[in-house]
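Colleague: What follows is data-v5.cif, made up of mmCIF, C-alpha atoms:
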```cif
data_my_file
loop_
_atom_site.group_PDB
_atom_site.id
_atom_site.type_symbol
_atom_site.label_atom_id
_atom_site.label_comp_id
_atom_site.auth_asym_id
_atom_site.auth_seq_id
_atom_site.Cartn_x
_atom_site.Cartn_y
_atom_site.Cartn_z
ATOM 1 C CA MET A 4 105.648 7.631 67.715
ATOM 2 C CA LYS A 5 102.221 9.101 67.070
ATOM 3 C CA GLY A 6 98.804 8.562 68.535
ATOM 4 C CA GLY A 7 98.450 4.998 69.842
ATOM 5 C CA ALA A 8 101.895 3.841 68.692
ATOM 6 C CA LYS A 9 103.462 1.110 70.817
ATOM 7 C CA THR A 10 106.984 0.117 71.719
ATOM 8 C CA ALA A 11 108.651 -3.143 70.659
ATOM 9 C CA THR A 12 107.179 -4.788 73.774
ATOM 10 C CA GLY A 13 103.660 -3.966 72.646
ATOM 11 C CA ARG A 14 103.122 -1.417 75.413
ATOM 12 C CA LYS A 15 102.381 2.248 74.999
ATOM 13 C CA PRO A 16 105.367 4.406 75.952
ATOM 14 C CA ALA A 17 105.185 6.095 79.335
ATOM 15 C CA PRO A 18 104.282 9.780 79.114
ATOM 16 C CA ARG A 19 107.230 12.128 79.411
ATOM 17 C CA SER A 20 107.461 13.980 82.677
ATOM 18 C CA LYS A 21 106.929 17.677 82.299
ATOM 19 C CA ARG A 22 108.906 20.284 84.176
ATOM 20 C CA PRO A 23 106.746 22.873 85.908
ATOM 21 C CA THR A 24 106.218 25.947 83.771
ATOM 22 C CA ARG A 25 106.285 28.214 86.810
ATOM 23 C CA PRO A 26 108.051 27.867 90.151
ATOM 24 C CA GLY A 27 106.118 26.332 93.028
ATOM 25 C CA PHE A 28 106.493 26.076 96.788
ATOM 26 C CA GLN A 29 106.873 22.350 97.376
ATOM 27 C CA GLU A 30 110.334 22.735 98.886
ATOM 28 C CA GLU A 31 109.229 25.479 101.273
ATOM 29 C CA LEU A 32 106.125 23.564 102.412
ATOM 30 C CA ARG A 33 108.211 20.428 102.981
ATOM 31 C CA LEU A 34 110.557 22.372 105.241
ATOM 32 C CA HIS A 35 107.585 23.927 107.040
ATOM 33 C CA SER A 36 106.236 20.444 107.752
ATOM 34 C CA ASP A 37 109.600 19.635 109.365
ATOM 35 C CA GLY A 38 109.236 22.622 111.674
ATOM 36 C CA LEU A 39 111.497 24.985 109.695
ATOM 37 C CA THR A 40 108.974 27.762 109.134
ATOM 38 C CA LEU A 41 111.363 30.573 108.198
ATOM 39 C CA VAL A 42 112.706 29.586 104.773
ATOM 40 C CA ALA A 43 114.703 32.009 102.631
ATOM 41 C CA GLY A 44 115.229 31.751 98.909
ATOM 42 C CA VAL A 45 118.622 32.994 97.702
ATOM 43 C CA ASP A 46 119.779 33.892 94.199
ATOM 44 C CA GLU A 47 122.389 36.051 92.496
ATOM 45 C CA VAL A 48 122.561 38.287 89.466
ATOM 46 C CA GLY A 49 125.506 39.805 87.640
ATOM 47 C CA ARG A 50 128.092 37.041 87.408
ATOM 48 C CA GLY A 51 128.713 37.569 83.691
ATOM 49 C CA PRO A 52 128.871 41.344 83.076
ATOM 50 C CA LEU A 53 132.063 43.247 82.365
ATOM 51 C CA ALA A 54 131.090 46.043 84.732
ATOM 52 C CA GLY A 55 129.295 46.599 88.001
ATOM 53 C CA PRO A 56 128.840 44.446 91.093
ATOM 54 C CA VAL A 57 127.543 40.942 91.566
ATOM 55 C CA MET A 58 124.441 41.092 93.759
ATOM 56 C CA ALA A 59 122.340 38.554 95.602
ATOM 57 C CA GLY A 60 118.804 38.615 96.924
ATOM 58 C CA ALA A 61 117.419 36.739 99.917
ATOM 59 C CA VAL A 62 113.672 36.593 100.587
ATOM 60 C CA ILE A 63 111.465 34.961 103.224
ATOM 61 C CA LEU A 64 107.934 34.818 101.841
ATOM 62 C CA PRO A 65 104.940 34.575 104.192
ATOM 63 C CA GLY A 66 102.614 31.599 104.380
ATOM 64 C CA ASP A 67 99.876 33.211 102.288
ATOM 65 C CA TRP A 68 102.281 33.296 99.309
ATOM 66 C CA LEU A 69 103.149 29.649 99.776
ATOM 67 C CA LYS A 70 99.600 28.353 100.155
ATOM 68 C CA ARG A 71 97.625 30.536 97.745
ATOM 69 C CA ARG A 72 96.499 29.032 94.479
ATOM 70 C CA ARG A 73 98.122 30.886 91.626
ATOM 71 C CA ARG A 74 95.666 31.772 88.902
ATOM 72 C CA ARG A 75 96.233 31.269 85.223
ATOM 73 C CA LEU A 76 97.125 34.490 83.454
ATOM 74 C CA THR A 77 94.551 35.429 80.819
ATOM 75 C CA PRO A 78 94.104 38.627 78.776
ATOM 76 C CA LYS A 79 90.721 39.305 80.400
ATOM 77 C CA ARG A 80 91.854 38.881 84.000
ATOM 78 C CA LYS A 81 93.639 41.671 85.783
ATOM 79 C CA ALA A 82 96.940 40.164 86.878
ATOM 80 C CA ASP A 83 97.817 39.877 90.532
ATOM 81 C CA PRO A 84 101.594 40.482 90.535
ATOM 82 C CA ARG A 85 102.010 37.339 92.650
ATOM 83 C CA ASP A 86 100.725 35.314 89.698
ATOM 84 C CA LEU A 87 103.665 36.624 87.655
ATOM 85 C CA LEU A 88 106.248 35.155 90.036
ATOM 86 C CA ASN A 89 108.894 33.450 87.920
ATOM 87 C CA ASP A 90 112.578 33.322 87.097
ATOM 88 C CA SER A 91 113.504 36.992 86.672
ATOM 89 C CA LYS A 92 114.969 36.276 83.216
ATOM 90 C CA LYS A 93 111.526 35.203 81.989
ATOM 91 C CA LEU A 94 109.842 38.479 82.935
ATOM 92 C CA THR A 95 109.837 41.875 81.287
ATOM 93 C CA ALA A 96 111.327 44.832 83.151
ATOM 94 C CA ALA A 97 107.808 46.125 83.921
ATOM 95 C CA GLN A 98 106.716 42.722 85.242
ATOM 96 C CA ARG A 99 109.810 42.449 87.440
ATOM 97 C CA GLU A 100 109.148 45.891 88.897
ATOM 98 C CA ALA A 101 105.514 44.992 89.657
ATOM 99 C CA VAL A 102 106.441 41.731 91.405
ATOM 100 C CA TYR A 103 109.370 43.401 93.193
ATOM 101 C CA GLU A 104 107.040 45.963 94.768
ATOM 102 C CA VAL A 105 104.715 43.260 96.097
ATOM 103 C CA ILE A 106 107.593 41.100 97.361
ATOM 104 C CA THR A 107 109.233 43.963 99.250
ATOM 105 C CA GLU A 108 105.878 45.074 100.708
ATOM 106 C CA THR A 109 104.687 41.649 101.868
ATOM 107 C CA ALA A 110 107.784 39.507 102.549
ATOM 108 C CA LEU A 111 108.568 38.598 106.137
ATOM 109 C CA ALA A 112 112.113 39.720 105.319
ATOM 110 C CA TRP A 113 114.186 40.585 102.275
ATOM 111 C CA SER A 114 117.760 41.709 101.791
ATOM 112 C CA VAL A 115 120.363 42.366 99.100
ATOM 113 C CA GLY A 116 124.081 41.606 99.253
ATOM 114 C CA VAL A 117 126.602 43.410 97.027
ATOM 115 C CA CYS A 118 130.204 42.741 96.016
ATOM 116 C CA SER A 119 131.941 45.404 93.969
ATOM 117 C CA ALA A 120 133.928 45.031 90.762
ATOM 118 C CA ASP A 121 137.135 45.661 92.748
ATOM 119 C CA TYR A 122 136.302 42.810 95.113
ATOM 120 C CA ILE A 123 135.487 40.528 92.167
ATOM 121 C CA ASP A 124 138.897 41.328 90.690
ATOM 122 C CA GLU A 125 140.527 40.572 94.033
ATOM 123 C CA VAL A 126 138.955 37.193 94.879
ATOM 124 C CA GLY A 127 137.262 35.994 91.679
ATOM 125 C CA ILE A 128 133.622 35.853 90.687
ATOM 126 C CA VAL A 129 132.778 32.560 92.441
ATOM 127 C CA ALA A 130 134.002 33.696 95.851
ATOM 128 C CA ALA A 131 132.409 37.124 95.366
ATOM 129 C CA THR A 132 129.086 35.507 94.474
ATOM 130 C CA ARG A 133 129.122 33.413 97.637
ATOM 131 C CA ARG A 134 129.987 36.445 99.747
ATOM 132 C CA ALA A 135 127.130 38.482 98.232
ATOM 133 C CA MET A 136 124.736 35.610 98.994
ATOM 134 C CA CYS A 137 125.977 35.337 102.580
ATOM 135 C CA GLU A 138 125.616 39.097 103.052
ATOM 136 C CA ALA A 139 122.048 38.946 101.770
ATOM 137 C CA VAL A 140 121.193 36.114 104.185
ATOM 138 C CA ARG A 141 122.810 37.858 107.157
ATOM 139 C CA GLY A 142 120.825 40.992 106.350
ATOM 140 C CA LEU A 143 117.504 39.249 106.941
ATOM 141 C CA ALA A 144 115.508 40.012 110.066
ATOM 142 C CA PRO A 145 114.176 37.688 111.297
ATOM 143 C CA GLN A 146 116.920 35.242 110.415
ATOM 144 C CA PRO A 147 115.845 32.126 108.484
ATOM 145 C CA LYS A 148 116.056 28.546 109.707
ATOM 146 C CA ALA A 149 116.674 27.127 106.218
ATOM 147 C CA LEU A 150 117.960 28.289 102.831
ATOM 148 C CA LEU A 151 116.982 27.306 99.303
ATOM 149 C CA VAL A 152 119.779 28.435 96.992
ATOM 150 C CA ASP A 153 119.954 28.593 93.210
ATOM 151 C CA ALA A 154 122.731 26.186 92.121
ATOM 152 C CA VAL A 155 125.519 27.590 94.347
ATOM 153 C CA GLU A 156 126.802 25.400 97.177
ATOM 154 C CA LEU A 157 126.503 27.635 100.211
ATOM 155 C CA THR A 158 127.349 27.004 103.860
ATOM 156 C CA GLU A 159 125.829 29.064 106.655
ATOM 157 C CA PRO A 160 126.422 27.849 110.227
ATOM 158 C CA GLY A 161 123.275 26.660 111.974
ATOM 159 C CA LEU A 162 121.106 26.702 108.845
ATOM 160 C CA ALA A 163 119.738 23.860 106.744
ATOM 161 C CA VAL A 164 120.818 24.595 103.158
ATOM 162 C CA LYS A 165 119.648 23.015 99.913
ATOM 163 C CA SER A 166 121.117 23.930 96.532
ATOM 164 C CA ILE A 167 118.702 23.496 93.616
ATOM 165 C CA ILE A 168 119.805 23.449 89.984
ATOM 166 C CA ARG A 169 117.592 25.843 87.988
ATOM 167 C CA GLY A 170 116.117 26.847 91.329
ATOM 168 C CA ASP A 171 114.877 30.200 90.042
ATOM 169 C CA ALA A 172 112.648 28.352 87.555
ATOM 170 C CA LEU A 173 111.475 25.676 90.022
ATOM 171 C CA CYS A 174 111.266 27.221 93.491
ATOM 172 C CA GLY A 175 109.081 30.225 94.340
ATOM 173 C CA SER A 176 111.280 31.677 97.075
ATOM 174 C CA ILE A 177 114.372 31.491 94.862
ATOM 175 C CA ALA A 178 112.419 33.130 92.020
ATOM 176 C CA ALA A 179 111.457 35.937 94.410
ATOM 177 C CA ALA A 180 115.106 36.362 95.385
ATOM 178 C CA SER A 181 116.123 36.476 91.719
ATOM 179 C CA ILE A 182 113.634 39.296 91.087
ATOM 180 C CA VAL A 183 114.782 41.307 94.100
ATOM 181 C CA ALA A 184 118.426 40.965 93.064
ATOM 182 C CA LYS A 185 117.744 41.749 89.397
ATOM 183 C CA VAL A 186 115.668 44.865 90.045
ATOM 184 C CA ALA A 187 118.148 46.163 92.622
ATOM 185 C CA ARG A 188 121.075 45.668 90.259
ATOM 186 C CA ASP A 189 119.283 47.158 87.244
ATOM 187 C CA ARG A 190 118.451 50.260 89.285
ATOM 188 C CA LEU A 191 122.081 50.564 90.403
ATOM 189 C CA MET A 192 123.364 50.252 86.836
ATOM 190 C CA ALA A 193 120.919 52.965 85.745
ATOM 191 C CA GLU A 194 122.530 55.184 88.395
ATOM 192 C CA MET A 195 125.979 54.232 87.091
ATOM 193 C CA HIS A 196 124.848 55.365 83.640
ATOM 194 C CA GLU A 197 124.441 58.879 85.037
ATOM 195 C CA ARG A 198 128.081 58.807 86.160
ATOM 196 C CA TYR A 199 129.481 57.015 83.089
ATOM 197 C CA PRO A 200 127.046 57.724 80.220
ATOM 198 C CA ALA A 201 129.451 56.675 77.449
ATOM 199 C CA TYR A 202 129.049 52.949 78.152
ATOM 200 C CA GLY A 203 125.254 52.607 77.963
ATOM 201 C CA PHE A 204 124.909 50.947 81.364
ATOM 202 C CA ASP A 205 121.215 51.853 81.476
ATOM 203 C CA ARG A 206 120.698 49.568 78.477
ATOM 204 C CA ASN A 207 123.335 46.839 78.736
ATOM 205 C CA LYS A 208 123.586 46.651 82.559
ATOM 206 C CA GLY A 209 127.318 46.032 82.135
ATOM 207 C CA TYR A 210 126.997 43.031 79.814
ATOM 208 C CA ALA A 211 129.194 42.702 76.722
ATOM 209 C CA THR A 212 126.930 44.142 74.039
ATOM 210 C CA ALA A 213 128.390 45.432 70.775
ATOM 211 C CA GLU A 214 127.797 49.010 71.935
ATOM 212 C CA HIS A 215 129.546 48.373 75.234
ATOM 213 C CA LEU A 216 132.550 46.677 73.614
ATOM 214 C CA ARG A 217 132.893 49.535 71.137
ATOM 215 C CA SER A 218 132.959 52.056 73.998
ATOM 216 C CA LEU A 219 135.612 49.990 75.769
ATOM 217 C CA ARG A 220 137.810 49.972 72.668
ATOM 218 C CA GLU A 221 137.434 53.723 72.232
ATOM 219 C CA ARG A 222 137.662 54.869 75.857
ATOM 220 C CA GLY A 223 139.076 52.032 77.903
ATOM 221 C CA PRO A 224 137.493 50.861 81.166
ATOM 222 C CA CYS A 225 135.932 53.109 83.772
ATOM 223 C CA GLU A 226 136.013 52.796 87.554
ATOM 224 C CA ILE A 227 133.368 50.049 87.799
ATOM 225 C CA HIS A 228 134.735 47.728 85.100
ATOM 226 C CA ARG A 229 136.079 44.312 86.085
ATOM 227 C CA ARG A 230 139.716 44.406 85.086
ATOM 228 C CA ARG A 231 140.277 40.639 85.337
ATOM 229 C CA PHE A 232 137.485 39.932 82.838
ATOM 230 C CA GLU A 233 138.171 39.577 79.139
ATOM 231 C CA PRO A 234 138.522 41.497 76.886
ATOM 232 C CA ILE A 235 139.367 44.182 79.456
ATOM 233 C CA ARG A 236 142.291 42.211 80.913
ATOM 234 C CA SER A 237 143.974 41.775 77.506
ATOM 235 C CA GLN A 238 143.256 45.366 76.586
ATOM 236 C CA LEU A 239 145.016 46.629 79.720
ATOM 237 C CA LEU A 240 148.020 44.354 79.072
ATOM 238 C CA GLN A 241 148.598 45.736 75.593
ATOM 239 C CA PRO A 242 151.715 47.945 75.406
ATOM 240 C CA LYS A 243 150.960 51.619 74.920
ATOM 241 C CA LEU A 244 152.359 53.269 71.799
ATOM 242 C CA VAL A 245 154.611 56.261 72.399
#
```
Transcribe the structure of this file into structure tokens.
Modeller:
Amino acid sequence: MKGGAKTATGRKPAPRSKRPTRPGFQEELRLHSDGLTLVAGVDEVGRGPLAGPVMAGAVILPGDWLKRRRRRLTPKRKADPRDLLNDSKKLTAAQREAVYEVITETALAWSVGVCSADYIDEVGIVAATRRAMCEAVRGLAPQPKALLVDAVELTEPGLAVKSIIRGDALCGSIAAASIVAKVARDRLMAEMHERYPAYGFDRNKGYATAEHLRSLRERGPCEIHRRRFEPIRSQLLQPKLV
């Protein structure tokens, strides 16, 4: 329908609801109004790669983050890194680094939880993800009163927990956690590149790029590869020619 087009009932169709283009702080402010003033956002990164750990970030942002009015980003205005806050996947590496620095300097608390490739192979990626999230939460000081978690159903004794689908795109504290986790993991994989330069971890961060898969075929897995993930699992099960 265009312009003033009407439905069969003669009424104009109701406008479509629009999802927010950037995460806000409605969930945090609602919890604050209920007396839960220490609210942590929690998110993970690294569930899908073939190599490296799964990591989770947990962040408690202060009230001035939650209540400030975020400005529109324009070419003429010098960006405040807080105005860039968004799902980490929607930011460039340079933008993530800039926001990461401000988050870690101004947050009431922030923490990162890590589960290694060996642990992922032992218990599976879902259980490892939950453990990394719990480690991140338990590393916060002060401890939060409530958690806002991206998609994963998490249980922490004594804490109010809400899981939000697409939370990193909708909720500011979860977006902050996603940035902390992403930057921390990217930095770790850059360090792993120094130890295992043949796999291009500084570029692919352990994900299954064509370059990475070619290196796996030629060299086999290294110490930080996930041996229960395909195609590594099938490759290791192939009989060796003698």
Colleague: To one decimal place in Å, what is the distance between atom CA of Glu47 of chain A and atom CA of Arg222 of chain A?
Modeller: 29.4 Å
Colleague: If you apply the PyMOL selection byres ((chain A and resi 225-240) around 7) to this file, what residues do you get, as a PyMOL selection string?
Modeller: chain A and resi 53-55+120-121+124+223-224+241-242
Colleague: At what distance in Å, to one decimal, does atom CA of Lys148 of chain A lie from atom CA of Ala163 of chain A?
Modeller: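 Result for atom CA of Ala163 of chain A versus atom CA of Lys148 of chain A: 6.7 Å, one decimal.
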Colleague: Find the residues of segment 28-127 of chain A that sit at most 10 Å from segment 183-188 of chain A; for each, write down the nearest two atoms and how far apart they are in Å, to one decimal. Count all atoms listed in the file. Sort by chain, then by number going up, and give it as a tab-separated table.
Modeller:
```
residue	atom	partner	partner_atom	distance
A:Val45	CA	A:Ala184	CA	9.2
A:Asp46	CA	A:Ala184	CA	7.3
A:Glu47	CA	A:Ala184	CA	6.3
A:Val48	CA	A:Lys185	CA	5.9
A:Gly49	CA	A:Arg188	CA	7.8
A:Gly55	CA	A:Arg188	CA	8.6
A:Pro56	CA	A:Arg188	CA	7.9
A:Val57	CA	A:Arg188	CA	8.1
A:Met58	CA	A:Ala184	CA	6.1
A:Ala59	CA	A:Ala184	CA	5.3
A:Gly60	CA	A:Ala184	CA	4.5
A:Ala61	CA	A:Val183	CA	7.9
A:Val62	CA	A:Val183	CA	8.1
A:Ser91	CA	A:Lys185	CA	6.9
A:Lys92	CA	A:Lys185	CA	8.7
A:Ala96	CA	A:Val186	CA	8.1
A:Arg99	CA	A:Val186	CA	6.9
A:Glu100	CA	A:Val186	CA	6.7
A:Val102	CA	A:Val183	CA	8.8
A:Tyr103	CA	A:Val183	CA	5.9
A:Glu104	CA	A:Val183	CA	9.1
A:Ile106	CA	A:Val183	CA	7.9
A:Thr107	CA	A:Val183	CA	8.0
A:Trp113	CA	A:Val183	CA	8.2
A:Ser114	CA	A:Val183	CA	8.3
A:Val115	CA	A:Ala184	CA	6.5
A:Gly116	CA	A:Ala184	CA	8.4
A:Val117	CA	A:Arg188	CA	9.0
```
Colleague: Could you tell me which residues the PyMOL selection byres ((chain A and resi 146) around 12) grabs in this file, written as an NGL selection string?
Modeller: :A and (39-43 or 61-63 or 111-114 or 137 or 139-145 or 147-150 or 159 or 161-162)
Colleague: Interatomic distance between atom CA of Ala97 of chain A and atom CA of Gly44 of chain A?
Modeller: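 We find that atom CA of Ala97 of chain A and atom CA of Gly44 of chain A lie 22.1 Å from each other.
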Colleague: Could you check which of A:Ile167, A:Leu219, A:Ala180, A:Met136 is closest to Tyr199 of chain A, using only C-alpha atoms?
Modeller: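 Counting only C-alpha atoms, the residue closest to Tyr199 of chain A is A:Leu219.
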Colleague: Using only C-alpha atoms, find the one residue out of A:Thr109, A:Thr24, A:Ser181, A:Thr212 that sits nearest to Leu151 of chain A.
Modeller: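 Closest residue, counting only C-alpha atoms: A:Ser181.
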Colleague: Determine the residue set returned by the PyMOL selection byres ((chain A and resi 156) around 6) for the present structure, and present it as a PyMOL selection string.
Modeller: chain A and resi 155+157+166
Colleague: Near Asp90 of chain A, within 10 Å and counting all atoms listed in the file, which residues show up once chain neighbours fewer than 2 positions away are dropped, as a VMD selection string?
Modeller: chain A and resid 25 to 26 87 to 88 92 to 94 99 169 to 175 177 to 182
Colleague: Near Ile128 of chain A, counting all atoms listed in the file, which residues have an atom at most 9 Å away, once you skip same-chain residues fewer than 4 positions from it, shown as an MDAnalysis selection string?
Modeller: chainID A and resid 50:51 57 122:124 132:133
Colleague: Those residues with C-alpha atoms, as a PDB file, in the coordinates of the input please?
Modeller:
```
ATOM      1  CA  ARG A  50     128.092  37.041  87.408  1.00  0.00           C
ATOM      2  CA  GLY A  51     128.713  37.569  83.691  1.00  0.00           C
ATOM      3  CA  VAL A  57     127.543  40.942  91.566  1.00  0.00           C
ATOM      4  CA  TYR A 122     136.302  42.810  95.113  1.00  0.00           C
ATOM      5  CA  ILE A 123     135.487  40.528  92.167  1.00  0.00           C
ATOM      6  CA  ASP A 124     138.897  41.328  90.690  1.00  0.00           C
ATOM      7  CA  THR A 132     129.086  35.507  94.474  1.00  0.00           C
ATOM      8  CA  ARG A 133     129.122  33.413  97.637  1.00  0.00           C
TER       9      ARG A 133
END
```
Colleague: For a quick check of understanding, using all atoms listed in the file, which of A:Tyr210, A:Arg134, A:Cys118, A:Pro65 has the smallest distance to His35 of chain A?
Modeller: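 Result for the nearest residue to His35 of chain A: A:Pro65.
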Colleague: With distances taken over only C-alpha atoms, which residue among A:Val129, A:Val164, A:Ala135, A:Val105 lies nearest Glu31 of chain A?
Modeller: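 Smallest separation from Glu31 of chain A among the options: A:Val164.
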Colleague: Rebuild N, CA, C and O atoms on segment 213-231 of chain A, as a PDB file, in the coordinates of the input?
Modeller:
```pdb
ATOM      1  N   ALA A 213     127.517  44.818  71.789  1.00  0.00           N
ATOM      2  CA  ALA A 213     128.390  45.432  70.775  1.00  0.00           C
ATOM      3  C   ALA A 213     128.659  46.892  71.104  1.00  0.00           C
ATOM      4  O   ALA A 213     129.794  47.383  70.969  1.00  0.00           O
ATOM      5  N   GLU A 214     127.634  47.601  71.569  1.00  0.00           N
ATOM      6  CA  GLU A 214     127.797  49.010  71.935  1.00  0.00           C
ATOM      7  C   GLU A 214     128.795  49.160  73.078  1.00  0.00           C
ATOM      8  O   GLU A 214     129.677  50.038  73.055  1.00  0.00           O
ATOM      9  N   HIS A 215     128.662  48.308  74.069  1.00  0.00           N
ATOM     10  CA  HIS A 215     129.546  48.373  75.234  1.00  0.00           C
ATOM     11  C   HIS A 215     130.991  48.077  74.844  1.00  0.00           C
ATOM     12  O   HIS A 215     131.928  48.784  75.251  1.00  0.00           O
ATOM     13  N   LEU A 216     131.202  47.030  74.039  1.00  0.00           N
ATOM     14  CA  LEU A 216     132.550  46.677  73.614  1.00  0.00           C
ATOM     15  C   LEU A 216     133.179  47.781  72.773  1.00  0.00           C
ATOM     16  O   LEU A 216     134.382  48.051  72.887  1.00  0.00           O
ATOM     17  N   ARG A 217     132.374  48.428  71.943  1.00  0.00           N
ATOM     18  CA  ARG A 217     132.893  49.535  71.137  1.00  0.00           C
ATOM     19  C   ARG A 217     133.354  50.681  72.042  1.00  0.00           C
ATOM     20  O   ARG A 217     134.420  51.271  71.828  1.00  0.00           O
ATOM     21  N   SER A 218     132.571  50.993  73.068  1.00  0.00           N
ATOM     22  CA  SER A 218     132.959  52.056  73.998  1.00  0.00           C
ATOM     23  C   SER A 218     134.237  51.699  74.746  1.00  0.00           C
ATOM     24  O   SER A 218     135.083  52.561  75.002  1.00  0.00           O
ATOM     25  N   LEU A 219     134.388  50.421  75.089  1.00  0.00           N
ATOM     26  CA  LEU A 219     135.612  49.990  75.769  1.00  0.00           C
ATOM     27  C   LEU A 219     136.833  50.166  74.874  1.00  0.00           C
ATOM     28  O   LEU A 219     137.902  50.594  75.327  1.00  0.00           O
ATOM     29  N   ARG A 220     136.678  49.813  73.597  1.00  0.00           N
ATOM     30  CA  ARG A 220     137.810  49.972  72.668  1.00  0.00           C
ATOM     31  C   ARG A 220     138.180  51.442  72.512  1.00  0.00           C
ATOM     32  O   ARG A 220     139.362  51.793  72.422  1.00  0.00           O
ATOM     33  N   GLU A 221     137.186  52.305  72.477  1.00  0.00           N
ATOM     34  CA  GLU A 221     137.434  53.723  72.232  1.00  0.00           C
ATOM     35  C   GLU A 221     137.918  54.464  73.473  1.00  0.00           C
ATOM     36  O   GLU A 221     138.748  55.366  73.382  1.00  0.00           O
ATOM     37  N   ARG A 222     137.408  54.084  74.651  1.00  0.00           N
ATOM     38  CA  ARG A 222     137.662  54.869  75.857  1.00  0.00           C
ATOM     39  C   ARG A 222     138.436  54.130  76.943  1.00  0.00           C
ATOM     40  O   ARG A 222     138.903  54.744  77.898  1.00  0.00           O
ATOM     41  N   GLY A 223     138.499  52.811  76.819  1.00  0.00           N
ATOM     42  CA  GLY A 223     139.076  52.032  77.903  1.00  0.00           C
ATOM     43  C   GLY A 223     138.068  51.873  79.034  1.00  0.00           C
ATOM     44  O   GLY A 223     136.968  52.416  78.989  1.00  0.00           O
ATOM     45  N   PRO A 224     138.428  51.122  80.075  1.00  0.00           N
ATOM     46  CA  PRO A 224     137.493  50.861  81.166  1.00  0.00           C
ATOM     47  C   PRO A 224     137.323  52.053  82.093  1.00  0.00           C
ATOM     48  O   PRO A 224     138.209  52.907  82.201  1.00  0.00           O
ATOM     49  N   CYS A 225     136.172  52.083  82.758  1.00  0.00           N
ATOM     50  CA  CYS A 225     135.932  53.109  83.772  1.00  0.00           C
ATOM     51  C   CYS A 225     136.103  52.475  85.156  1.00  0.00           C
ATOM     52  O   CYS A 225     136.518  51.319  85.299  1.00  0.00           O
ATOM     53  N   GLU A 226     135.757  53.205  86.175  1.00  0.00           N
ATOM     54  CA  GLU A 226     136.013  52.796  87.554  1.00  0.00           C
ATOM     55  C   GLU A 226     135.294  51.504  87.948  1.00  0.00           C
ATOM     56  O   GLU A 226     135.796  50.754  88.792  1.00  0.00           O
ATOM     57  N   ILE A 227     134.138  51.219  87.353  1.00  0.00           N
ATOM     58  CA  ILE A 227     133.368  50.049  87.799  1.00  0.00           C
ATOM     59  C   ILE A 227     133.542  48.837  86.880  1.00  0.00           C
ATOM     60  O   ILE A 227     132.825  47.844  87.021  1.00  0.00           O
ATOM     61  N   HIS A 228     134.487  48.894  85.944  1.00  0.00           N
ATOM     62  CA  HIS A 228     134.735  47.728  85.100  1.00  0.00           C
ATOM     63  C   HIS A 228     135.577  46.690  85.851  1.00  0.00           C
ATOM     64  O   HIS A 228     136.386  47.028  86.719  1.00  0.00           O
ATOM     65  N   ARG A 229     135.359  45.430  85.485  1.00  0.00           N
ATOM     66  CA  ARG A 229     136.079  44.312  86.085  1.00  0.00           C
ATOM     67  C   ARG A 229     137.358  44.069  85.274  1.00  0.00           C
ATOM     68  O   ARG A 229     137.311  43.557  84.161  1.00  0.00           O
ATOM     69  N   ARG A 230     138.465  44.409  85.848  1.00  0.00           N
ATOM     70  CA  ARG A 230     139.716  44.406  85.086  1.00  0.00           C
ATOM     71  C   ARG A 230     140.296  43.013  84.873  1.00  0.00           C
ATOM     72  O   ARG A 230     141.187  42.850  84.043  1.00  0.00           O
ATOM     73  N   ARG A 231     139.803  42.013  85.568  1.00  0.00           N
ATOM     74  CA  ARG A 231     140.277  40.639  85.337  1.00  0.00           C
ATOM     75  C   ARG A 231     139.421  39.903  84.304  1.00  0.00           C
ATOM     76  O   ARG A 231     139.722  38.773  83.950  1.00  0.00           O
TER      77      ARG A 231
END
```
